[in-house]
Structure formats: C-alpha cells, structure tokens
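Enquirer: Could you have a look at this structure, given as structure tokens, before my questions?
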Amino acid sequence: MSMSTELIRVLVVEGDEVSAKAVRAMLERLACSVEIAEDGTKAIELFRKHKYDLVLMGWQMPVMDGFEATARIRSMLHGKGTPIIGTTAGRDRAECLAAGMNDLMAKPFQIEKLRLILLRWTSWPGVQESGDLKSGTGCGTSCA
C-alpha cells in the first residue's frame, strides 16, 4: 500500500451541519478522503460498507449518540482496531476512553489539531496545505 497514492479515509460523525462542512474542508486540505454521517445510525451504516482509517465521533446527535455508535462499531470485527476520536466541547478524555474511544479532540475543529490526530492515529504521511510539518509530532495524551 503506497501512502503517496492512497488517501487516509476519515469518517466524520457530526450532527452540526456547519461543523461537518468545516471539518470536511480542513481534512480535504490535508489530502484525506472524507465521508460525513450526521448521526450514529448513519455512521454504523457507512462503517459496515466501507473501511476507514479514522473515525471522528461527535457525542450529542439525533437518533443515536456517539457513545452508542462507538459501542456498536467496536462490536464489529473491523471496528475493533479502527481509531475512534471523540470530538466535543464539553467532555474529558477519561469519558472518551471509558466509552471505547481512543482519544479526545476538543472542539472547535482546527486544522493543526487534525494534523496531530492524523499523525498520531494513522499512517498519514504528514502532507499539509502550507509550511513544513515535522513528522512524528504527536498529541501527547490528547489534542485538547
């Protein structure tokens, strides 16, 4: 698998349409392939059909919240090893981990936070839209 020709596939589970559009634009600028699910039920449908390198999981959404969606994804064979990052403005990392997520990225979405998450949790090669990024830069314990 050559990372120079294959994009990192990211599933963004976000109930707020404005936030979803913003994070899609940022991830696409970072050379990622992005799909949006507006709630947990849609996320599970997409996850069953496609393989993702990373899931950015919102918490409060209509129909099914991020806690339940994470539990259901984790119960799928290919869902056990997929990094799921909680995205929220009002939770802490311990809650993310207890829910089966790998990490927390505090909102609002910012391109630098997304870079750090991609570097830490995927095989993303560190491409960016401008400037230089030192490879191997990690998030530490979270990208909050």
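Chain lettering (A, B, ...) mirrors the order of the structure tokens, residue numbering begins at 1 for each chain separately, and ligand numbering begins at 1 in order of display.
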Quick one: DSSP alpha helix (DSSP H) residues in segment 19-75 of chain A, as an MDAnalysis selection string?
Expert: chainID A and resid 19:29 40:49 66:75
Enquirer: Would you pick out the contacts of segment 39-42 of chain A at 9 Å or less, using only C-alpha atoms, so that residues sharing its chain but fewer than 6 positions from it are not included, and give the list as a PDB file with C-alpha atoms, in the first residue's frame?
Expert:
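What landed in out14.pdb:
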ATOM      1  CA  VAL A  13     -19.789  11.703  12.675  1.00  0.00           C
ATOM      2  CA  GLU A  14     -21.129  15.175  13.383  1.00  0.00           C
ATOM      3  CA  GLY A  15     -24.701  16.333  13.995  1.00  0.00           C
ATOM      4  CA  MET A  57     -17.071  10.817  16.618  1.00  0.00           C
ATOM      5  CA  GLY A  58     -19.372  13.531  17.906  1.00  0.00           C
ATOM      6  CA  GLN A  60     -24.604  14.549  21.077  1.00  0.00           C
ATOM      7  CA  MET A  61     -26.509  13.716  17.916  1.00  0.00           C
ATOM      8  CA  PRO A  62     -30.079  12.897  16.978  1.00  0.00           C
ATOM      9  CA  VAL A  63     -31.224   9.268  16.633  1.00  0.00           C
ATOM     10  CA  MET A  64     -28.072   7.676  18.153  1.00  0.00           C
ATOM     11  CA  ASP A  65     -25.345   9.409  20.171  1.00  0.00           C
ATOM     12  CA  GLY A  66     -21.594   8.917  19.940  1.00  0.00           C
ATOM     13  CA  PHE A  67     -21.441   6.585  22.950  1.00  0.00           C
ATOM     14  CA  GLU A  68     -23.842   4.052  21.433  1.00  0.00           C
ATOM     15  CA  ALA A  69     -22.359   4.368  17.940  1.00  0.00           C
ATOM     16  CA  THR A  70     -18.855   3.741  19.306  1.00  0.00           C
TER      17      THR A  70
END
Enquirer: Please identify every residue of segment 40-88 of chain A that has at least one atom no farther than 12 Å from an atom of segment 104-117 of chain A, counting only C-alpha atoms, and for each give the shortest atom pair and the distance in Å to one decimal, arranged by chain then increasing number, as a Markdown table.
Expert:
| residue | atom | partner | partner_atom | distance |
| --- | --- | --- | --- | --- |
| A:Asp53 | CA | A:Ile117 | CA | 11.5 |
| A:Leu54 | CA | A:Ile117 | CA | 9.2 |
| A:Val55 | CA | A:Ile117 | CA | 10.6 |
| A:Leu56 | CA | A:Met105 | CA | 8.5 |
| A:Met57 | CA | A:Leu104 | CA | 9.3 |
| A:Gly58 | CA | A:Lys107 | CA | 9.8 |
| A:Trp59 | CA | A:Leu104 | CA | 10.9 |
| A:Pro83 | CA | A:Ile117 | CA | 9.9 |
| A:Ile84 | CA | A:Leu104 | CA | 8.8 |
| A:Ile85 | CA | A:Leu104 | CA | 5.4 |
| A:Gly86 | CA | A:Leu104 | CA | 4.6 |
| A:Thr87 | CA | A:Met105 | CA | 5.0 |
| A:Thr88 | CA | A:Ala106 | CA | 5.2 |
Enquirer: Looking at only C-alpha atoms, which of A:Asn102, A:Ser75, A:Ser33, A:Thr82 is the one that sits closest to Ile8 of chain A?
Expert: A:Ser33
Enquirer: Compile the contact shell of His50 of chain A as number ranges by chain: residues with an atom at most 12 Å away, counting only C-alpha atoms, same-chain residues fewer than 6 positions apart removed.
Expert: A: 9-11, 33-35, 43-44, 78-79, 82
